[in-house]
Amino acid sequence: MYFSDKNNFFHGIGFHHFHDDSFHKKTPGSINRDQFYKLIKFIGRENILDADQFLNRLKENKLTEKNLCFTFDDSLRCQYDIALPVLEDLKIKSFFFVYSSIFENKPDLLELYSYFRINCFSKVDEFYNLFFKKLNIDLLNFFKKNEKKIKDKKISNPFYSINDIKFRLIRDQLLTKKNYQEIMFKMFKEKNFNPNDHYESLFLNTEHLVKIKKLGHIIGLHSHSHPVQLEKLSFEEQTQEYNNNITILSKILNCDKKEIKSMSHPCGSYNQDTLKVLKNLNIELGFKEVMTIDSEKKMKKVNNSYLEIARQNHADIMAMMN
């Protein structure tokens with residue numbers, strides 16, 4: 001049974017990676033077509049609202065405890081190839097939250113980094129060990145100082161391994177974006193990995209986006225360049241991120257900017273400035289990344305505002321099923 005006292009409130013289900021037997025390789029947390037069908041059965045098809053229904057009921061304050069919706073982040077081709085046919089078969093209309101720099105041939109390197117560490121090493125821990133060695137930093141002391149953060153992250157994201165969490169902590173808090181990129185590109189070179197060779201297989205293109213909308217799904221915002229820590233940007237920089245995002249998506253979809261009413265926070269990163277930016281753009285629904293109350297963000301309840309709606313990661317649901 002899916003519902004318990006820990007998730008007995010309306011929320012979204014967040015999906016990222018899918019795999020098949022050929023084109024899209026298996027990654028940590030990814031699921032295949034059959035697992036997706038089983039997950040939907042476990043949740044209960046009757047509990048899943050279409051995206052437009054979820055949005056309208058939220059605005060009308062009519063969502064009930066067991067109302068759910070599906071969300072797909074990060075503009076990933078595997079979602080189109082594997083998840084979309086299942087959604088169409090079961091007549092589930094979902095949210096697709098799309099960042100837009102990929103349509104300017106400037107994809108977020110985060111996805112390419114992920115593809116690299118999964119596909120160019122026999123095990124992901126092999127990548128982590130090599131990455132840690134290249135830092136020439138006293139990591140033991142750094143990890144000790146951040147012991148509580150590591151434990152808290154493991155509780156909120158149990159599908160992450162300890163090395164996953166340590167890696168993200170180093171990337172997000174110890175290194176600058178430039179430092180991180182320099183290390184990764186050195187590792188690319190050592191493995192003869194060319195990022196340009198993988199754009200088509202990893203990301204949606206404009207034709208995919210138009211078809212998703214035509215099928216009745218909702219396209220929403222996910223920032224322009226997908227900053228890992230968007231909340232560290234200034235108000236002006238965040239405004240530019242979302243203005244670029246909504247401008248490019250509305251142009252591709254041939255629609256008025258006012259038609260784009262939903263979003264999800266990239267990597268769950270946002271602050272009060274972000275919420276102001278989104279309100280200025282008349283966004284009516286925003287999803288966070290967790291199912292808990294984050295005191296650092298001054299939340300008073302799980303669904304703290306219409307721009308901070310909870311989401312359950314699909315990997316957590318797979319763990320419940322096993």
# chains A, B, ... in the order shown; residues from 1 in each chain; ligands from 1
$ residues_around --residues "Gly14 (chain A)" --least-positions-apart "6" --cutoff "7 Å" --atoms "only C-alpha atoms" --output "PyMOL selection string"
chain A and resi 70-72+311-314
$ select_by_dssp --residues "region 36-278 of chain A" --states "strand (DSSP E or B)" --output "number ranges by chain"
A: 48, 68-73, 76, 95-98, 203, 218-221, 262-264
$ select_by_dssp --residues "region 11-192 of chain A" --states "helix (DSSP H, G or I)" --output "PyMOL selection string"
chain A and resi 33-43+45-47+51-59+77-89+101-104+109-119+124-133+139-145+147-156+162-174+177-190
$ atom_distance --atom1 "CA of Asn179 (chain A)" --atom2 "CA of Leu140 (chain A)"
19.6 Å
$ residues_around --residues "region 145-153 of chain A" --least-positions-apart "3" --cutoff "12 Å" --atoms "only C-alpha atoms" --output "list of chain:residue names"
A:Asp138, A:Leu139, A:Leu140, A:Asn141, A:Phe142, A:Ser156, A:Asn157, A:Pro158, A:Phe159, A:Tyr160, A:Ser161, A:Ile162, A:Asn163, A:Asp164, A:Ile165, A:Lys166, A:Phe167, A:Arg168, A:Leu169, A:Ile170, A:Gln173, A:Leu174, A:Val290, A:Thr292, A:Asp294
$ closest_residue --among "A:Met291, A:Leu209, A:Cys120, A:Val302" --to "Phe97 (chain A)" --atoms "only C-alpha atoms"
A:Leu209
$ closest_residue --among "A:Lys258, A:Arg171, A:His208, A:Lys279" --to "Met184 (chain A)" --atoms "only C-alpha atoms"
A:Arg171
$ closest_residue --among "A:Ser269, A:Ser201, A:Asn7, A:Gln181" --to "Tyr115 (chain A)" --atoms "only C-alpha atoms"
A:Ser201
$ residues_around --residues "region 192-195 of chain A" --least-positions-apart "6" --cutoff "9 Å" --atoms "only C-alpha atoms" --output "ChimeraX atom specification"
/A:109,112-113,116,120,185
$ write_last_selection --atoms "C-alpha atoms" --output "mmCIF file, in the first residue's frame"
data_model
loop_
_atom_site.group_PDB
_atom_site.id
_atom_site.type_symbol
_atom_site.label_atom_id
_atom_site.label_comp_id
_atom_site.auth_asym_id
_atom_site.auth_seq_id
_atom_site.Cartn_x
_atom_site.Cartn_y
_atom_site.Cartn_z
ATOM 1 C CA LEU A 109 26.580 19.829 -18.005
ATOM 2 C CA LEU A 112 26.492 14.964 -19.146
ATOM 3 C CA TYR A 113 28.554 14.584 -15.983
ATOM 4 C CA PHE A 116 29.926 10.139 -17.934
ATOM 5 C CA CYS A 120 32.638 5.431 -18.534
ATOM 6 C CA PHE A 185 36.897 18.079 -18.298
#
$ atom_distance --atom1 "CA of Thr27 (chain A)" --atom2 "CA of Arg77 (chain A)"
14.1 Å
